[in-house]
$ cat model-v1.pdb   # PDB, C-alpha atoms (C1' of nucleotides)
ATOM      1  CA  MET U   1      62.113 110.679 207.267  1.00  0.00           C
ATOM      2  CA  ASN U   2      62.387 113.019 204.302  1.00  0.00           C
ATOM      3  CA  SER U   3      65.798 112.617 202.675  1.00  0.00           C
ATOM      4  CA  VAL U   4      66.030 116.244 201.611  1.00  0.00           C
ATOM      5  CA  LEU U   5      65.264 117.477 205.126  1.00  0.00           C
ATOM      6  CA  PHE U   6      67.894 115.110 206.489  1.00  0.00           C
ATOM      7  CA  ALA U   7      70.492 116.307 203.982  1.00  0.00           C
ATOM      8  CA  LYS U   8      69.685 119.961 204.691  1.00  0.00           C
ATOM      9  CA  ALA U   9      70.170 119.355 208.395  1.00  0.00           C
ATOM     10  CA  LEU U  10      73.653 118.006 207.669  1.00  0.00           C
ATOM     11  CA  ALA U  11      74.492 120.618 205.062  1.00  0.00           C
ATOM     12  CA  ASP U  12      76.284 123.025 207.346  1.00  0.00           C
ATOM     13  CA  GLU U  13      79.716 122.848 208.932  1.00  0.00           C
ATOM     14  CA  THR U  14      78.651 124.287 212.278  1.00  0.00           C
ATOM     15  CA  ARG U  15      75.690 121.936 212.501  1.00  0.00           C
ATOM     16  CA  GLN U  16      77.914 118.936 211.900  1.00  0.00           C
ATOM     17  CA  GLN U  17      80.257 120.166 214.630  1.00  0.00           C
ATOM     18  CA  ILE U  18      77.297 120.378 216.983  1.00  0.00           C
ATOM     19  CA  MET U  19      76.227 116.888 215.971  1.00  0.00           C
ATOM     20  CA  SER U  20      79.707 115.600 216.766  1.00  0.00           C
ATOM     21  CA  LEU U  21      79.555 117.211 220.187  1.00  0.00           C
ATOM     22  CA  LEU U  22      76.159 115.660 220.864  1.00  0.00           C
ATOM     23  CA  CYS U  23      77.178 112.219 219.715  1.00  0.00           C
ATOM     24  CA  CYS U  24      77.264 109.875 222.704  1.00  0.00           C
ATOM     25  CA  GLN U  25      76.666 112.594 225.303  1.00  0.00           C
ATOM     26  CA  TRP U  26      74.090 115.040 226.620  1.00  0.00           C
ATOM     27  CA  LEU U  27      75.016 118.721 226.591  1.00  0.00           C
ATOM     28  CA  CYS U  28      73.010 121.839 227.375  1.00  0.00           C
ATOM     29  CA  VAL U  29      73.005 124.828 225.022  1.00  0.00           C
ATOM     30  CA  THR U  30      75.573 126.734 227.059  1.00  0.00           C
ATOM     31  CA  ASP U  31      77.929 123.749 226.968  1.00  0.00           C
ATOM     32  CA  VAL U  32      77.690 123.636 223.195  1.00  0.00           C
ATOM     33  CA  VAL U  33      78.295 127.380 222.921  1.00  0.00           C
ATOM     34  CA  GLU U  34      81.392 127.071 225.118  1.00  0.00           C
ATOM     35  CA  ARG U  35      82.850 124.128 223.256  1.00  0.00           C
ATOM     36  CA  LEU U  36      82.346 125.672 219.841  1.00  0.00           C
ATOM     37  CA  GLY U  37      83.952 128.873 221.072  1.00  0.00           C
ATOM     38  CA  ASN U  38      83.283 130.978 217.995  1.00  0.00           C
ATOM     39  CA  VAL U  39      79.508 130.707 217.709  1.00  0.00           C
ATOM     40  CA  LYS U  40      77.030 132.773 219.705  1.00  0.00           C
ATOM     41  CA  GLN U  41      74.147 131.399 221.742  1.00  0.00           C
ATOM     42  CA  PRO U  42      71.295 132.428 219.429  1.00  0.00           C
ATOM     43  CA  THR U  43      73.075 130.775 216.544  1.00  0.00           C
ATOM     44  CA  VAL U  44      73.519 127.532 218.448  1.00  0.00           C
ATOM     45  CA  SER U  45      69.889 127.692 219.520  1.00  0.00           C
ATOM     46  CA  HIS U  46      68.868 128.133 215.909  1.00  0.00           C
ATOM     47  CA  HIS U  47      70.923 125.160 214.746  1.00  0.00           C
ATOM     48  CA  LEU U  48      69.528 123.003 217.521  1.00  0.00           C
ATOM     49  CA  THR U  49      66.019 123.910 216.394  1.00  0.00           C
ATOM     50  CA  ILE U  50      66.833 122.747 212.897  1.00  0.00           C
ATOM     51  CA  LEU U  51      68.262 119.473 214.198  1.00  0.00           C
ATOM     52  CA  ARG U  52      65.241 119.089 216.421  1.00  0.00           C
ATOM     53  CA  ASP U  53      62.799 119.680 213.543  1.00  0.00           C
ATOM     54  CA  ALA U  54      64.631 117.013 211.598  1.00  0.00           C
ATOM     55  CA  GLU U  55      64.234 114.749 214.631  1.00  0.00           C
ATOM     56  CA  LEU U  56      67.961 114.174 214.796  1.00  0.00           C
ATOM     57  CA  VAL U  57      68.310 115.156 218.451  1.00  0.00           C
ATOM     58  CA  ASP U  58      66.564 114.184 221.660  1.00  0.00           C
ATOM     59  CA  THR U  59      65.993 116.725 224.411  1.00  0.00           C
ATOM     60  CA  ARG U  60      65.545 116.628 228.153  1.00  0.00           C
ATOM     61  CA  ARG U  61      64.812 119.497 230.507  1.00  0.00           C
ATOM     62  CA  GLU U  62      66.658 119.723 233.827  1.00  0.00           C
ATOM     63  CA  GLY U  63      65.809 122.830 235.797  1.00  0.00           C
ATOM     64  CA  LYS U  64      66.526 125.844 233.665  1.00  0.00           C
ATOM     65  CA  GLN U  65      68.706 123.936 231.298  1.00  0.00           C
ATOM     66  CA  ILE U  66      67.729 121.877 228.313  1.00  0.00           C
ATOM     67  CA  PHE U  67      69.987 119.015 227.376  1.00  0.00           C
ATOM     68  CA  TYR U  68      70.416 117.755 223.858  1.00  0.00           C
ATOM     69  CA  THR U  69      71.872 114.558 222.484  1.00  0.00           C
ATOM     70  CA  LEU U  70      72.217 113.152 219.007  1.00  0.00           C
ATOM     71  CA  ASN U  71      69.648 110.556 218.011  1.00  0.00           C
ATOM     72  CA  GLN U  72      72.046 108.099 216.458  1.00  0.00           C
ATOM     73  CA  GLU U  73      69.333 105.653 215.519  1.00  0.00           C
ATOM     74  CA  ALA U  74      67.592 108.322 213.437  1.00  0.00           C
ATOM     75  CA  VAL U  75      70.841 109.144 211.662  1.00  0.00           C
ATOM     76  CA  ALA U  76      71.456 105.470 210.948  1.00  0.00           C
ATOM     77  CA  ILE U  77      67.949 104.986 209.562  1.00  0.00           C
ATOM     78  CA  CYS U  78      68.289 107.997 207.253  1.00  0.00           C
ATOM     79  CA  CYS U  79      71.660 106.797 205.988  1.00  0.00           C
ATOM     80  CA  ARG U  80      70.333 103.294 205.408  1.00  0.00           C
ATOM     81  CA  ASN U  81      67.482 104.830 203.455  1.00  0.00           C
ATOM     82  CA  LEU U  82      69.864 106.891 201.318  1.00  0.00           C
ATOM     83  CA  VAL U  83      71.824 103.768 200.447  1.00  0.00           C
ATOM     84  CA  GLN U  84      68.671 101.901 199.500  1.00  0.00           C
ATOM     85  CA  VAL U  85      67.548 104.696 197.213  1.00  0.00           C
ATOM     86  CA  PHE U  86      70.828 105.935 195.767  1.00  0.00           C
ATOM     87  CA  ALA U  87      73.149 102.954 196.066  1.00  0.00           C
ATOM     88  CA  PRO U  88      70.952  99.856 195.751  1.00  0.00           C
ATOM     89  CA  GLU U  89      73.551  97.964 193.771  1.00  0.00           C
ATOM     90  CA  THR U  90      76.024  98.155 196.637  1.00  0.00           C
ATOM     91  CA  ILE U  91      73.732  96.202 198.940  1.00  0.00           C
ATOM     92  CA  GLU U  92      74.653  92.551 199.135  1.00  0.00           C
ATOM     93  CA  VAL U  93      71.928  89.968 199.418  1.00  0.00           C
ATOM     94  CA  GLU U  94      71.795  87.425 202.222  1.00  0.00           C
ATOM     95  CA  SER U  95      70.324  83.902 202.141  1.00  0.00           C
TER      96      SER U  95
ATOM     97  CA  MET B   1      84.960 112.819 200.927  1.00  0.00           C
ATOM     98  CA  ASN B   2      83.887 115.883 202.839  1.00  0.00           C
ATOM     99  CA  SER B   3      80.646 115.164 204.686  1.00  0.00           C
ATOM    100  CA  VAL B   4      79.375 118.712 204.391  1.00  0.00           C
ATOM    101  CA  LEU B   5      79.950 118.757 200.645  1.00  0.00           C
ATOM    102  CA  PHE B   6      78.133 115.439 200.356  1.00  0.00           C
ATOM    103  CA  ALA B   7      75.193 116.680 202.409  1.00  0.00           C
ATOM    104  CA  LYS B   8      74.995 119.904 200.400  1.00  0.00           C
ATOM    105  CA  ALA B   9      74.890 117.913 197.191  1.00  0.00           C
ATOM    106  CA  LEU B  10      71.879 116.008 198.519  1.00  0.00           C
ATOM    107  CA  ALA B  11      70.210 119.025 200.069  1.00  0.00           C
ATOM    108  CA  ASP B  12      67.965 119.876 197.161  1.00  0.00           C
ATOM    109  CA  GLU B  13      64.806 118.206 195.896  1.00  0.00           C
ATOM    110  CA  THR B  14      65.631 118.617 192.204  1.00  0.00           C
ATOM    111  CA  ARG B  15      69.122 117.250 192.704  1.00  0.00           C
ATOM    112  CA  GLN B  16      67.770 114.172 194.428  1.00  0.00           C
ATOM    113  CA  GLN B  17      65.346 113.653 191.546  1.00  0.00           C
ATOM    114  CA  ILE B  18      68.263 113.827 189.143  1.00  0.00           C
ATOM    115  CA  MET B  19      70.175 111.349 191.288  1.00  0.00           C
ATOM    116  CA  SER B  20      67.226 108.982 191.156  1.00  0.00           C
ATOM    117  CA  LEU B  21      67.128 109.247 187.370  1.00  0.00           C
ATOM    118  CA  LEU B  22      70.848 108.534 187.146  1.00  0.00           C
ATOM    119  CA  CYS B  23      70.713 105.593 189.503  1.00  0.00           C
ATOM    120  CA  CYS B  24      71.448 102.402 187.556  1.00  0.00           C
ATOM    121  CA  GLN B  25      71.429 104.083 184.137  1.00  0.00           C
ATOM    122  CA  TRP B  26      73.314 106.501 181.901  1.00  0.00           C
ATOM    123  CA  LEU B  27      71.446 109.572 180.665  1.00  0.00           C
ATOM    124  CA  CYS B  28      72.593 112.623 178.740  1.00  0.00           C
ATOM    125  CA  VAL B  29      71.682 116.141 179.872  1.00  0.00           C
ATOM    126  CA  THR B  30      68.828 116.423 177.404  1.00  0.00           C
ATOM    127  CA  ASP B  31      67.345 113.156 178.661  1.00  0.00           C
ATOM    128  CA  VAL B  32      67.392 114.459 182.216  1.00  0.00           C
ATOM    129  CA  VAL B  33      65.790 117.737 181.146  1.00  0.00           C
ATOM    130  CA  GLU B  34      63.020 115.833 179.334  1.00  0.00           C
ATOM    131  CA  ARG B  35      62.293 113.468 182.206  1.00  0.00           C
ATOM    132  CA  LEU B  36      62.185 116.192 184.811  1.00  0.00           C
ATOM    133  CA  GLY B  37      59.857 118.190 182.605  1.00  0.00           C
ATOM    134  CA  ASN B  38      59.767 121.362 184.683  1.00  0.00           C
ATOM    135  CA  VAL B  39      63.452 122.246 184.867  1.00  0.00           C
ATOM    136  CA  LYS B  40      65.402 124.040 182.146  1.00  0.00           C
ATOM    137  CA  GLN B  41      68.665 122.874 180.615  1.00  0.00           C
ATOM    138  CA  PRO B  42      70.985 125.413 182.310  1.00  0.00           C
ATOM    139  CA  THR B  43      69.533 124.465 185.659  1.00  0.00           C
ATOM    140  CA  VAL B  44      70.083 120.764 185.068  1.00  0.00           C
ATOM    141  CA  SER B  45      73.595 121.501 183.870  1.00  0.00           C
ATOM    142  CA  HIS B  46      74.232 123.468 187.042  1.00  0.00           C
ATOM    143  CA  HIS B  47      72.983 120.647 189.256  1.00  0.00           C
ATOM    144  CA  LEU B  48      75.077 118.117 187.384  1.00  0.00           C
ATOM    145  CA  THR B  49      78.135 120.274 187.963  1.00  0.00           C
ATOM    146  CA  ILE B  50      77.454 120.243 191.679  1.00  0.00           C
ATOM    147  CA  LEU B  51      77.040 116.460 191.677  1.00  0.00           C
ATOM    148  CA  ARG B  52      80.188 116.159 189.608  1.00  0.00           C
ATOM    149  CA  ASP B  53      82.209 118.372 191.987  1.00  0.00           C
ATOM    150  CA  ALA B  54      81.036 116.161 194.821  1.00  0.00           C
ATOM    151  CA  GLU B  55      82.209 113.186 192.765  1.00  0.00           C
ATOM    152  CA  LEU B  56      78.790 111.595 192.976  1.00  0.00           C
ATOM    153  CA  VAL B  57      78.387 111.082 189.229  1.00  0.00           C
ATOM    154  CA  ASP B  58      80.504 109.542 186.494  1.00  0.00           C
ATOM    155  CA  THR B  59      80.538 110.991 182.986  1.00  0.00           C
ATOM    156  CA  ARG B  60      81.189 109.687 179.528  1.00  0.00           C
ATOM    157  CA  ARG B  61      81.255 111.593 176.248  1.00  0.00           C
ATOM    158  CA  GLU B  62      79.574 110.144 173.164  1.00  0.00           C
ATOM    159  CA  GLY B  63      79.683 112.442 170.173  1.00  0.00           C
ATOM    160  CA  LYS B  64      78.086 115.724 171.117  1.00  0.00           C
ATOM    161  CA  GLN B  65      76.371 114.256 174.119  1.00  0.00           C
ATOM    162  CA  ILE B  66      77.717 113.732 177.598  1.00  0.00           C
ATOM    163  CA  PHE B  67      76.242 110.893 179.585  1.00  0.00           C
ATOM    164  CA  TYR B  68      75.978 110.903 183.349  1.00  0.00           C
ATOM    165  CA  THR B  69      75.345 108.135 185.829  1.00  0.00           C
ATOM    166  CA  LEU B  70      75.211 108.022 189.596  1.00  0.00           C
ATOM    167  CA  ASN B  71      78.323 106.748 191.332  1.00  0.00           C
ATOM    168  CA  GLN B  72      76.591 104.440 193.773  1.00  0.00           C
ATOM    169  CA  GLU B  73      79.815 103.327 195.391  1.00  0.00           C
ATOM    170  CA  ALA B  74      80.651 106.934 196.287  1.00  0.00           C
ATOM    171  CA  VAL B  75      77.214 107.422 197.801  1.00  0.00           C
ATOM    172  CA  ALA B  76      77.586 104.225 199.810  1.00  0.00           C
ATOM    173  CA  ILE B  77      80.996 105.249 201.101  1.00  0.00           C
ATOM    174  CA  CYS B  78      79.738 108.674 202.181  1.00  0.00           C
ATOM    175  CA  CYS B  79      76.765 107.132 203.957  1.00  0.00           C
ATOM    176  CA  ARG B  80      78.952 104.595 205.698  1.00  0.00           C
ATOM    177  CA  ASN B  81      81.183 107.440 206.821  1.00  0.00           C
ATOM    178  CA  LEU B  82      78.223 109.382 208.191  1.00  0.00           C
ATOM    179  CA  VAL B  83      77.143 106.372 210.219  1.00  0.00           C
ATOM    180  CA  GLN B  84      80.632 105.910 211.616  1.00  0.00           C
ATOM    181  CA  VAL B  85      80.837 109.532 212.682  1.00  0.00           C
ATOM    182  CA  PHE B  86      77.268 110.264 213.760  1.00  0.00           C
ATOM    183  CA  ALA B  87      75.868 106.864 214.660  1.00  0.00           C
ATOM    184  CA  PRO B  88      78.796 104.799 215.942  1.00  0.00           C
ATOM    185  CA  GLU B  89      76.725 103.094 218.603  1.00  0.00           C
ATOM    186  CA  THR B  90      74.424 101.588 215.999  1.00  0.00           C
ATOM    187  CA  ILE B  91      77.268  99.652 214.409  1.00  0.00           C
ATOM    188  CA  GLU B  92      77.358  96.065 215.564  1.00  0.00           C
ATOM    189  CA  VAL B  93      80.703  94.467 216.118  1.00  0.00           C
ATOM    190  CA  GLU B  94      81.741  91.229 214.505  1.00  0.00           C
ATOM    191  CA  SER B  95      84.529  89.429 216.319  1.00  0.00           C
TER     192      SER B  95
ATOM    193  C1'  DA C   1      83.674 127.091 156.148  1.00  0.00           C
ATOM    194  C1'  DC C   2      79.047 126.686 157.654  1.00  0.00           C
ATOM    195  C1'  DA C   3      75.010 124.940 159.975  1.00  0.00           C
ATOM    196  C1'  DT C   4      73.343 122.172 163.610  1.00  0.00           C
ATOM    197  C1'  DC C   5      72.859 120.218 167.944  1.00  0.00           C
ATOM    198  C1'  DA C   6      74.255 119.311 172.971  1.00  0.00           C
ATOM    199  C1'  DA C   7      76.122 121.127 176.956  1.00  0.00           C
ATOM    200  C1'  DA C   8      78.353 124.754 179.665  1.00  0.00           C
ATOM    201  C1'  DT C   9      78.824 129.472 181.155  1.00  0.00           C
ATOM    202  C1'  DC C  10      77.267 134.186 182.233  1.00  0.00           C
ATOM    203  C1'  DG C  11      74.505 137.556 184.442  1.00  0.00           C
ATOM    204  C1'  DA C  12      70.622 138.661 186.954  1.00  0.00           C
ATOM    205  C1'  DC C  13      66.962 137.996 190.221  1.00  0.00           C
ATOM    206  C1'  DG C  14      64.471 136.327 194.138  1.00  0.00           C
ATOM    207  C1'  DA C  15      64.375 133.002 197.824  1.00  0.00           C
ATOM    208  C1'  DA C  16      66.529 130.718 201.492  1.00  0.00           C
ATOM    209  C1'  DC C  17      70.187 130.430 204.831  1.00  0.00           C
ATOM    210  C1'  DT C  18      73.721 131.809 208.518  1.00  0.00           C
ATOM    211  C1'  DT C  19      74.816 134.833 211.912  1.00  0.00           C
ATOM    212  C1'  DC C  20      74.226 137.936 215.744  1.00  0.00           C
ATOM    213  C1'  DA C  21      72.649 141.952 218.901  1.00  0.00           C
ATOM    214  C1'  DA C  22      68.735 142.887 221.305  1.00  0.00           C
ATOM    215  C1'  DT C  23      64.878 141.280 223.557  1.00  0.00           C
ATOM    216  C1'  DA C  24      61.518 138.006 225.385  1.00  0.00           C
ATOM    217  C1'  DT C  25      60.253 133.800 227.783  1.00  0.00           C
ATOM    218  C1'  DG C  26      60.369 130.760 231.403  1.00  0.00           C
ATOM    219  C1'  DA C  27      62.229 128.243 235.394  1.00  0.00           C
ATOM    220  C1'  DA C  28      64.515 128.421 239.901  1.00  0.00           C
ATOM    221  C1'  DT C  29      65.971 130.995 244.042  1.00  0.00           C
ATOM    222  C1'  DT C  30      65.732 134.460 247.492  1.00  0.00           C
TER     223       DT C  30
ATOM    224  C1'  DA V   1      57.475 139.687 243.261  1.00  0.00           C
ATOM    225  C1'  DA V   2      62.061 140.569 242.152  1.00  0.00           C
ATOM    226  C1'  DT V   3      66.368 138.663 240.552  1.00  0.00           C
ATOM    227  C1'  DT V   4      69.091 135.514 238.154  1.00  0.00           C
ATOM    228  C1'  DC V   5      70.221 132.333 234.799  1.00  0.00           C
ATOM    229  C1'  DA V   6      69.365 129.371 230.496  1.00  0.00           C
ATOM    230  C1'  DT V   7      67.163 129.222 226.320  1.00  0.00           C
ATOM    231  C1'  DA V   8      64.188 130.876 222.585  1.00  0.00           C
ATOM    232  C1'  DT V   9      62.573 134.428 219.462  1.00  0.00           C
ATOM    233  C1'  DT V  10      62.840 138.583 216.710  1.00  0.00           C
ATOM    234  C1'  DG V  11      64.604 141.492 213.280  1.00  0.00           C
ATOM    235  C1'  DA V  12      68.193 142.782 210.374  1.00  0.00           C
ATOM    236  C1'  DA V  13      72.497 142.264 207.492  1.00  0.00           C
ATOM    237  C1'  DG V  14      75.271 139.646 204.560  1.00  0.00           C
ATOM    238  C1'  DT V  15      75.859 135.478 202.003  1.00  0.00           C
ATOM    239  C1'  DT V  16      74.746 131.504 199.493  1.00  0.00           C
ATOM    240  C1'  DC V  17      71.627 129.024 196.521  1.00  0.00           C
ATOM    241  C1'  DG V  18      68.249 127.813 192.734  1.00  0.00           C
ATOM    242  C1'  DT V  19      66.478 129.247 188.546  1.00  0.00           C
ATOM    243  C1'  DC V  20      66.407 130.785 183.841  1.00  0.00           C
ATOM    244  C1'  DG V  21      67.104 133.729 179.378  1.00  0.00           C
ATOM    245  C1'  DA V  22      70.773 134.710 176.570  1.00  0.00           C
ATOM    246  C1'  DT V  23      75.040 133.465 174.927  1.00  0.00           C
ATOM    247  C1'  DT V  24      79.187 130.677 174.251  1.00  0.00           C
ATOM    248  C1'  DT V  25      81.727 126.513 173.591  1.00  0.00           C
ATOM    249  C1'  DG V  26      82.607 122.464 171.322  1.00  0.00           C
ATOM    250  C1'  DA V  27      81.717 118.429 168.474  1.00  0.00           C
ATOM    251  C1'  DT V  28      79.530 116.515 164.239  1.00  0.00           C
ATOM    252  C1'  DG V  29      77.897 116.465 159.571  1.00  0.00           C
ATOM    253  C1'  DT V  30      77.121 118.804 155.120  1.00  0.00           C
TER     254       DT V  30
END
$ encode --input "model-v1.pdb" --output "structure tokens"
Amino acid sequence: MNSVLFAKALADETRQQIMSLLCCQWLCVTDVVERLGNVKQPTVSHHLTILRDAELVDTRREGKQIFYTLNQEAVAICCRNLVQVFAPETIEVES
Amino acid sequence: MNSVLFAKALADETRQQIMSLLCCQWLCVTDVVERLGNVKQPTVSHHLTILRDAELVDTRREGKQIFYTLNQEAVAICCRNLVQVFAPETIEVES
DNA sequence: ACATCAAATCGACGAACTTCAATATGAATT
DNA sequence: AATTCATATTGAAGTTCGTCGATTTGATGT
């Protein structure tokens, strides 16, 4: 995945809070709105769209609700990529 | 380091190009301007300030010139932190 | 002191981003 | 089909960001 797109997705406090909430659990939009407390539904929806476009969240529909969860594997891959590009000398060789 | 600040520092194409240039070598501002080709000196200076505030570059003065290089260790630490926070389940345990 | 060169700062402009009220869409229930 | 509930979209306001011309700062050499 594009490193700039990944960084932009992470480049907002609220979005990182949402990512924390969605790490290791599925929540619907309303749940996220409730837990953040100070952010309105359209704003949360907007942030989720950005995370979705960056392919950092998985979604699942259940009735009227749509559940989101963080795609940890995608995050890990992007971070590994950043290290390879911007911190190659910190990688230790094996064998 | 603050994860949002780190992400913001990476959230720009030009800045990532500069980071690539400064990876594994020291360059002065003029060098960076020349190699980018399409970005003016004040802009490069501005980007370097942002990278410096995020503590992602080291600097060294030599006469009138100031040399910059990427702090790979800092990048690696930030990436490791991101994985711990947003991709904990991808970390394999080692007794 | 003065000239020169490298880098930083200032001020301005347009583009992109965050936020939200209002509204629309779409699924489930009656 | 009308209502209800969850989510998405729209449009607008305010803010931040990227860029650059002009200027300043600061170090070196004459």
$ resolve_selection --input "model-v1.pdb" --expression "the PyMOL selection byres ((chain V and resi 14) around 12)" --output "number ranges by chain"
C: 17-20; V: 12-13, 15-16
$ calpha_fit_and_write --input "model-v1.pdb" --fixed "chain B" --moving "chain U" --output "mmCIF file with C-alpha atoms, keeping the file's coordinate frame"
data_model
loop_
_atom_site.group_PDB
_atom_site.id
_atom_site.type_symbol
_atom_site.label_atom_id
_atom_site.label_comp_id
_atom_site.auth_asym_id
_atom_site.auth_seq_id
_atom_site.Cartn_x
_atom_site.Cartn_y
_atom_site.Cartn_z
ATOM 1 C CA MET U 1 84.969 112.804 200.961
ATOM 2 C CA ASN U 2 83.904 115.879 202.898
ATOM 3 C CA SER U 3 80.646 115.169 204.722
ATOM 4 C CA VAL U 4 79.377 118.725 204.423
ATOM 5 C CA LEU U 5 79.973 118.778 200.667
ATOM 6 C CA PHE U 6 78.166 115.457 200.372
ATOM 7 C CA ALA U 7 75.205 116.712 202.403
ATOM 8 C CA LYS U 8 75.026 119.942 200.392
ATOM 9 C CA ALA U 9 74.931 117.943 197.180
ATOM 10 C CA LEU U 10 71.911 116.045 198.507
ATOM 11 C CA ALA U 11 70.250 119.081 200.040
ATOM 12 C CA ASP U 12 68.000 119.922 197.133
ATOM 13 C CA GLU U 13 64.840 118.258 195.882
ATOM 14 C CA THR U 14 65.657 118.637 192.195
ATOM 15 C CA ARG U 15 69.154 117.268 192.690
ATOM 16 C CA GLN U 16 67.800 114.197 194.433
ATOM 17 C CA GLN U 17 65.366 113.677 191.558
ATOM 18 C CA ILE U 18 68.283 113.834 189.148
ATOM 19 C CA MET U 19 70.204 111.373 191.292
ATOM 20 C CA SER U 20 67.256 108.987 191.180
ATOM 21 C CA LEU U 21 67.153 109.243 187.405
ATOM 22 C CA LEU U 22 70.875 108.545 187.169
ATOM 23 C CA CYS U 23 70.769 105.605 189.523
ATOM 24 C CA CYS U 24 71.490 102.419 187.582
ATOM 25 C CA GLN U 25 71.469 104.081 184.155
ATOM 26 C CA TRP U 26 73.352 106.498 181.927
ATOM 27 C CA LEU U 27 71.459 109.542 180.677
ATOM 28 C CA CYS U 28 72.581 112.594 178.732
ATOM 29 C CA VAL U 29 71.642 116.106 179.852
ATOM 30 C CA THR U 30 68.770 116.376 177.392
ATOM 31 C CA ASP U 31 67.314 113.099 178.660
ATOM 32 C CA VAL U 32 67.364 114.414 182.207
ATOM 33 C CA VAL U 33 65.749 117.689 181.147
ATOM 34 C CA GLU U 34 62.980 115.780 179.358
ATOM 35 C CA ARG U 35 62.277 113.420 182.219
ATOM 36 C CA LEU U 36 62.151 116.158 184.825
ATOM 37 C CA GLY U 37 59.806 118.136 182.605
ATOM 38 C CA ASN U 38 59.705 121.299 184.686
ATOM 39 C CA VAL U 39 63.389 122.192 184.870
ATOM 40 C CA LYS U 40 65.319 124.001 182.149
ATOM 41 C CA GLN U 41 68.575 122.834 180.606
ATOM 42 C CA PRO U 42 70.907 125.360 182.257
ATOM 43 C CA THR U 43 69.486 124.429 185.624
ATOM 44 C CA VAL U 44 70.048 120.731 185.034
ATOM 45 C CA SER U 45 73.551 121.484 183.805
ATOM 46 C CA HIS U 46 74.211 123.448 186.964
ATOM 47 C CA HIS U 47 72.981 120.648 189.213
ATOM 48 C CA LEU U 48 75.062 118.111 187.334
ATOM 49 C CA THR U 49 78.124 120.284 187.891
ATOM 50 C CA ILE U 50 77.464 120.274 191.607
ATOM 51 C CA LEU U 51 77.054 116.494 191.638
ATOM 52 C CA ARG U 52 80.184 116.182 189.559
ATOM 53 C CA ASP U 53 82.210 118.408 191.913
ATOM 54 C CA ALA U 54 81.067 116.221 194.771
ATOM 55 C CA GLU U 55 82.233 113.223 192.737
ATOM 56 C CA LEU U 56 78.818 111.631 192.967
ATOM 57 C CA VAL U 57 78.419 111.105 189.225
ATOM 58 C CA ASP U 58 80.539 109.567 186.499
ATOM 59 C CA THR U 59 80.549 111.008 182.995
ATOM 60 C CA ARG U 60 81.214 109.705 179.521
ATOM 61 C CA ARG U 61 81.268 111.625 176.262
ATOM 62 C CA GLU U 62 79.618 110.134 173.174
ATOM 63 C CA GLY U 63 79.698 112.436 170.182
ATOM 64 C CA LYS U 64 78.071 115.693 171.122
ATOM 65 C CA GLN U 65 76.364 114.240 174.117
ATOM 66 C CA ILE U 66 77.697 113.737 177.592
ATOM 67 C CA PHE U 67 76.254 110.899 179.600
ATOM 68 C CA TYR U 68 75.989 110.915 183.352
ATOM 69 C CA THR U 69 75.384 108.154 185.850
ATOM 70 C CA LEU U 70 75.242 108.048 189.612
ATOM 71 C CA ASN U 71 78.360 106.789 191.349
ATOM 72 C CA GLN U 72 76.639 104.495 193.793
ATOM 73 C CA GLU U 73 79.858 103.389 195.417
ATOM 74 C CA ALA U 74 80.689 106.993 196.317
ATOM 75 C CA VAL U 75 77.246 107.474 197.831
ATOM 76 C CA ALA U 76 77.615 104.280 199.845
ATOM 77 C CA ILE U 77 81.038 105.303 201.143
ATOM 78 C CA CYS U 78 79.764 108.725 202.231
ATOM 79 C CA CYS U 79 76.782 107.184 204.002
ATOM 80 C CA ARG U 80 78.978 104.627 205.736
ATOM 81 C CA ASN U 81 81.190 107.477 206.870
ATOM 82 C CA LEU U 82 78.222 109.430 208.236
ATOM 83 C CA VAL U 83 77.141 106.417 210.262
ATOM 84 C CA GLN U 84 80.625 105.951 211.664
ATOM 85 C CA VAL U 85 80.816 109.572 212.739
ATOM 86 C CA PHE U 86 77.248 110.298 213.799
ATOM 87 C CA ALA U 87 75.846 106.895 214.701
ATOM 88 C CA PRO U 88 78.782 104.842 216.002
ATOM 89 C CA GLU U 89 76.689 103.150 218.650
ATOM 90 C CA THR U 90 74.421 101.619 216.028
ATOM 91 C CA ILE U 91 77.282 99.679 214.473
ATOM 92 C CA GLU U 92 77.402 96.097 215.645
ATOM 93 C CA VAL U 93 80.738 94.435 216.178
ATOM 94 C CA GLU U 94 81.713 91.198 214.471
ATOM 95 C CA SER U 95 84.080 88.483 215.740
#
$ interface_residues --input "model-v1.pdb" --of "chain U" --to "chain V" --cutoff "8 Å" --atoms "only C-alpha atoms (C1' of nucleotides)" --output "CSV table (one decimal) with C-alpha atoms, in the coordinates of the input"
chain,number,residue,atom,x,y,z
U,29,VAL,CA,73.0,124.8,225.0
U,30,THR,CA,75.6,126.7,227.1
U,42,PRO,CA,71.3,132.4,219.4
U,45,SER,CA,69.9,127.7,219.5
U,64,LYS,CA,66.5,125.8,233.7
U,65,GLN,CA,68.7,123.9,231.3
U,66,ILE,CA,67.7,121.9,228.3
$ atom_distance --input "model-v1.pdb" --atom1 "CA of Ala87 in chain B" --atom2 "CA of Val75 in chain U"
6.3 Å
$ atom_distance --input "model-v1.pdb" --atom1 "CA of Asn81 in chain B" --atom2 "CA of Gln41 in chain U"
29.1 Å
$ residues_near_point --input "model-v1.pdb" --point "(70.5, 102.9, 183.5)" --cutoff "12 Å" --atoms "only C-alpha atoms (C1' of nucleotides)" --output "VMD selection string"
(chain U and resid 89) or (chain B and resid 19 to 28 31 67 to 71)
$ resolve_selection --input "model-v1.pdb" --expression "the PyMOL selection byres ((chain B and resi 4) around 7)" --output "VMD selection string"
(chain U and resid 10 to 13) or (chain B and resid 2 to 3 5 to 8)
$ closest_atom_pairs --input "model-v1.pdb" --of "chain C" --to "chain B" --cutoff "10 Å" --atoms "all atoms listed in the file" --output "tab-separated table"
residue	atom	partner	partner_atom	distance
C:DC5	C1'	B:Lys64	CA	7.6
C:DA6	C1'	B:Lys64	CA	5.6
C:DA7	C1'	B:Val29	CA	7.3
C:DA8	C1'	B:Ser45	CA	7.1
C:DT9	C1'	B:Pro42	CA	8.9
